[in-house]
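Structure, as structure tokens:
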Amino acid sequence: MEKVPVGNVSVMSDLASMNKSERDVTFGHSSSNDTLILQTCEKAGELPVTSLGIIGNVLVLWVWQADSSFIPATFFIKYLATCDLLFSASTFVKIFDFMPVVVVSSFTTFFIKMSVHVTLALAVSRCVAVYRPLRVTLILSRRRVIVVSVVIACWCFLLQGLQLCSRYVILFGDDYDKRSILAICFLFLSYCLPLLPMVGCNVALLCKVYRRDVTSHMSHDQARASRQQTRRLTLGVVCITTTSVLAYPVIFSVITPIRWKQPAYLVTFNIIASCVSNLLIGINSSINVIYYVIFASEFRRLLVLRFTRLWGCCKRRYAGY
């Protein structure tokens, strides 16, 4: 009986991390031209995006470190930047084959899961801040935020471990239906489960963003400035979460069975879907710094402060020569 391998069902980034022989098995011995197209798209699209992700997330961490106060949203922003930085670094290693494919693929998929769940935590913290502004410090205390962060890391680590264990079942199992159900379950737990409440948070934030909830002790100018700052921060979080919502559903475009000797158009579709998915995920991990510059006035202030201090240090150092 002819064996029917499952293609890219664990996660889309695994596809781009395959070597040529693995791609040939997955795609039913696709042509070397198709493989060359995929490799060229990877390096042409992922390399600049990954480089931007590394530089941007390092900049985000460097700037927000100047803020010593504990704010839940800022804490999750730093957490998200750390996950995105590690994902971009592992993708950079994958592009140039500095480490074995299986190891790098495990790191990239783990940090993708972390990024999605931390983005959800950021959206929830913003919802609490705009709907319960007077109780936000009580609801999102330092201890609770740290506990949530640890739970996210443990949950993603558990998902990644189960996914690695299931790889042998997916690749070498005989029952195609069970293999497909197992793969779809991991996709649902890793991506759909956090993305669905993320959409709900976006709707809730957009409903709140233009309401005029002004405290009575504020003057008109103070109230207007407070509303504008709140709206900008809320819109920034909405943009971050919307980018995540748009980036990850394309993962499900190739959960259909990949069989031996499949038509050429289906091979091409899977190659294009793989490139698009990896590019969108890379953009999602790289673009947040642009949102911070546009919407977060505190980030812009700290950015100017950091570069001003850096420029002053450079001037004093070179003045002695």
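Chain labels run A, B, ... following the order of the structure tokens; each chain numbers its residues from 1, and ligands are numbered from 1 in the order shown.
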As a short mmCIF file (atom, residue, chain, number, x, y, z; two decimals) with C-alpha atoms, in the first residue's frame, please: all residues of region 28-131 of chain A that backbone DSSP puts in helix (DSSP H, G or I).
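Once written, part_1.cif looks like this:
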data_model
loop_
_atom_site.label_atom_id
_atom_site.label_comp_id
_atom_site.auth_asym_id
_atom_site.auth_seq_id
_atom_site.Cartn_x
_atom_site.Cartn_y
_atom_site.Cartn_z
CA SER A 32 14.85 21.07 -8.10
CA ASN A 33 13.54 24.26 -9.70
CA ASP A 34 10.72 24.47 -7.15
CA THR A 35 13.19 23.88 -4.31
CA LEU A 36 15.48 26.58 -5.68
CA ILE A 37 12.55 29.01 -5.85
CA LEU A 38 11.71 28.30 -2.22
CA GLN A 39 15.31 28.78 -1.07
CA THR A 40 15.63 32.02 -3.04
CA CYS A 41 12.38 33.40 -1.60
CA GLU A 42 13.51 32.47 1.90
CA LYS A 43 16.77 34.38 1.67
CA ALA A 44 15.38 37.31 -0.32
CA GLY A 45 12.38 37.81 1.95
CA GLU A 46 13.34 36.49 5.36
CA LEU A 47 16.87 37.87 5.61
CA PRO A 48 16.00 41.61 5.62
CA VAL A 49 12.91 41.01 7.75
CA THR A 50 14.91 38.95 10.23
CA SER A 51 17.67 41.56 10.37
CA LEU A 52 15.07 44.26 11.04
CA GLY A 53 13.56 42.07 13.76
CA ILE A 54 16.89 41.64 15.54
CA ILE A 55 17.77 45.34 15.37
CA GLY A 56 14.25 46.53 16.22
CA ASN A 57 13.72 44.25 19.21
CA VAL A 58 17.17 45.03 20.62
CA LEU A 59 16.24 48.72 20.30
CA VAL A 60 12.91 48.14 22.05
CA LEU A 61 14.56 46.36 24.98
CA TRP A 62 17.30 49.00 25.20
CA VAL A 63 14.80 51.87 25.25
CA TRP A 64 12.25 50.36 27.66
CA PRO A 72 1.93 45.51 33.20
CA ALA A 73 1.69 46.55 29.54
CA THR A 74 5.36 47.63 29.50
CA PHE A 75 6.37 44.35 31.13
CA PHE A 76 4.55 42.34 28.44
CA ILE A 77 6.06 44.56 25.73
CA LYS A 78 9.54 43.68 27.01
CA TYR A 79 8.53 40.02 27.24
CA LEU A 80 7.20 40.11 23.68
CA ALA A 81 10.34 41.84 22.38
CA THR A 82 12.48 39.15 24.02
CA CYS A 83 10.48 36.36 22.37
CA ASP A 84 10.54 38.09 18.99
CA LEU A 85 14.28 38.73 19.29
CA LEU A 86 15.00 35.08 20.02
CA PHE A 87 12.70 34.02 17.17
CA SER A 88 14.47 36.38 14.75
CA ALA A 89 17.87 35.17 15.92
CA SER A 90 16.89 31.51 15.46
CA THR A 91 15.48 32.31 12.01
CA PHE A 92 18.76 34.02 11.13
CA VAL A 93 20.63 30.88 12.20
CA LYS A 94 18.24 28.77 10.12
CA ILE A 95 18.80 30.81 6.97
CA VAL A 101 17.72 21.84 11.09
CA VAL A 102 15.78 19.94 13.77
CA VAL A 103 17.28 22.00 16.60
CA VAL A 104 16.71 25.37 14.93
CA SER A 105 13.17 24.40 13.91
CA SER A 106 12.36 23.52 17.52
CA PHE A 107 13.54 26.92 18.70
CA THR A 108 11.67 28.86 16.02
CA THR A 109 8.35 27.07 16.62
CA PHE A 110 8.70 27.47 20.40
CA PHE A 111 9.27 31.23 20.19
CA ILE A 112 6.40 31.57 17.70
CA LYS A 113 4.10 30.03 20.30
CA MET A 114 5.53 32.31 22.99
CA SER A 115 5.03 35.39 20.83
CA VAL A 116 1.36 34.60 20.15
CA HIS A 117 0.53 33.97 23.81
CA VAL A 118 2.44 37.02 25.09
CA THR A 119 0.64 39.17 22.54
CA LEU A 120 -2.65 37.89 23.94
CA ALA A 121 -1.48 38.76 27.47
CA LEU A 122 -0.61 42.27 26.26
CA ALA A 123 -4.08 42.70 24.73
CA VAL A 124 -5.79 41.49 27.91
CA SER A 125 -3.70 43.83 30.07
CA ARG A 126 -4.69 46.75 27.86
CA CYS A 127 -8.37 45.78 28.11
CA VAL A 128 -8.09 45.79 31.89
CA ALA A 129 -6.36 49.18 31.80
CA VAL A 130 -9.07 50.85 29.70
CA TYR A 131 -12.10 49.17 31.28
#
Query - Surrounding residues of Leu159 (chain A) excluding itself and chain neighbours under 3 positions, 9 Å, only C-alpha atoms, as a PyMOL selection string - result: chain A and resi 110+113+154-156+162-164+186+189-190
Please produce a file of the residues just selected, as a PDB file, in the first residue's frame, where the atoms kept are N, CA and C atoms.
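Saved as part21.pdb:
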ATOM      1  N   PHE A 110       8.954  27.157  18.992  1.00  0.00           N
ATOM      2  CA  PHE A 110       8.704  27.473  20.396  1.00  0.00           C
ATOM      3  C   PHE A 110       8.516  28.974  20.596  1.00  0.00           C
ATOM      4  N   LYS A 113       5.160  30.264  19.311  1.00  0.00           N
ATOM      5  CA  LYS A 113       4.095  30.034  20.303  1.00  0.00           C
ATOM      6  C   LYS A 113       4.164  31.062  21.423  1.00  0.00           C
ATOM      7  N   CYS A 154       5.576  27.912  30.537  1.00  0.00           N
ATOM      8  CA  CYS A 154       5.388  26.476  30.798  1.00  0.00           C
ATOM      9  C   CYS A 154       4.406  25.855  29.805  1.00  0.00           C
ATOM     10  N   TRP A 155       3.328  26.560  29.487  1.00  0.00           N
ATOM     11  CA  TRP A 155       2.330  26.047  28.547  1.00  0.00           C
ATOM     12  C   TRP A 155       2.939  25.874  27.157  1.00  0.00           C
ATOM     13  N   CYS A 156       3.697  26.868  26.700  1.00  0.00           N
ATOM     14  CA  CYS A 156       4.327  26.768  25.387  1.00  0.00           C
ATOM     15  C   CYS A 156       5.395  25.677  25.370  1.00  0.00           C
ATOM     16  N   LEU A 162       5.197  18.160  23.436  1.00  0.00           N
ATOM     17  CA  LEU A 162       4.228  17.225  22.867  1.00  0.00           C
ATOM     18  C   LEU A 162       4.287  17.211  21.346  1.00  0.00           C
ATOM     19  N   GLN A 163       4.530  18.371  20.757  1.00  0.00           N
ATOM     20  CA  GLN A 163       4.620  18.432  19.303  1.00  0.00           C
ATOM     21  C   GLN A 163       5.831  17.657  18.794  1.00  0.00           C
ATOM     22  N   LEU A 164       6.967  17.785  19.489  1.00  0.00           N
ATOM     23  CA  LEU A 164       8.153  17.033  19.084  1.00  0.00           C
ATOM     24  C   LEU A 164       7.939  15.531  19.219  1.00  0.00           C
ATOM     25  N   PHE A 186      -2.774  20.241  17.391  1.00  0.00           N
ATOM     26  CA  PHE A 186      -1.643  21.054  17.806  1.00  0.00           C
ATOM     27  C   PHE A 186      -1.709  22.453  17.203  1.00  0.00           C
ATOM     28  N   LEU A 189      -4.360  24.332  19.352  1.00  0.00           N
ATOM     29  CA  LEU A 189      -3.881  24.696  20.687  1.00  0.00           C
ATOM     30  C   LEU A 189      -2.813  25.781  20.619  1.00  0.00           C
ATOM     31  N   SER A 190      -1.968  25.721  19.604  1.00  0.00           N
ATOM     32  CA  SER A 190      -0.843  26.654  19.530  1.00  0.00           C
ATOM     33  C   SER A 190      -1.240  28.017  18.985  1.00  0.00           C
TER      34      SER A 190
END
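Comparing A:Met198, A:Cys275, A:Leu134, A:Leu193 by their smallest distance to Thr242 (chain A), the closest is A:Met198 (using only C-alpha atoms).
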Report summary line: Between CA of Val304 (chain A) and CA of Val238 (chain A) lies a distance of 24.6 Å
Report summary line: Expressed in Å, the length from CA of Val199 (chain A) to CA of Ser141 (chain A) is 24.6 Å
Query raised in the report: To one decimal place, how far is CA of Ser244 (chain A) from CA of Leu195 (chain A) in Å?
Result: 7.9 Å
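Residue nearest Asp67 (chain A), chosen from A:Cys314, A:Val289, A:Ile283, A:Leu305 and counting only C-alpha atoms: A:Leu305.
The neighbours of Arg142 (chain A) here are the residues that come within 10 Å of it, using only C-alpha atoms and leaving out any residue fewer than 3 positions away in the same chain; they are Phe70, Ile71, Pro72, Phe75, Thr137, Leu138, Ile139, Val145, Ile146, Val147 and Val148 of chain A.
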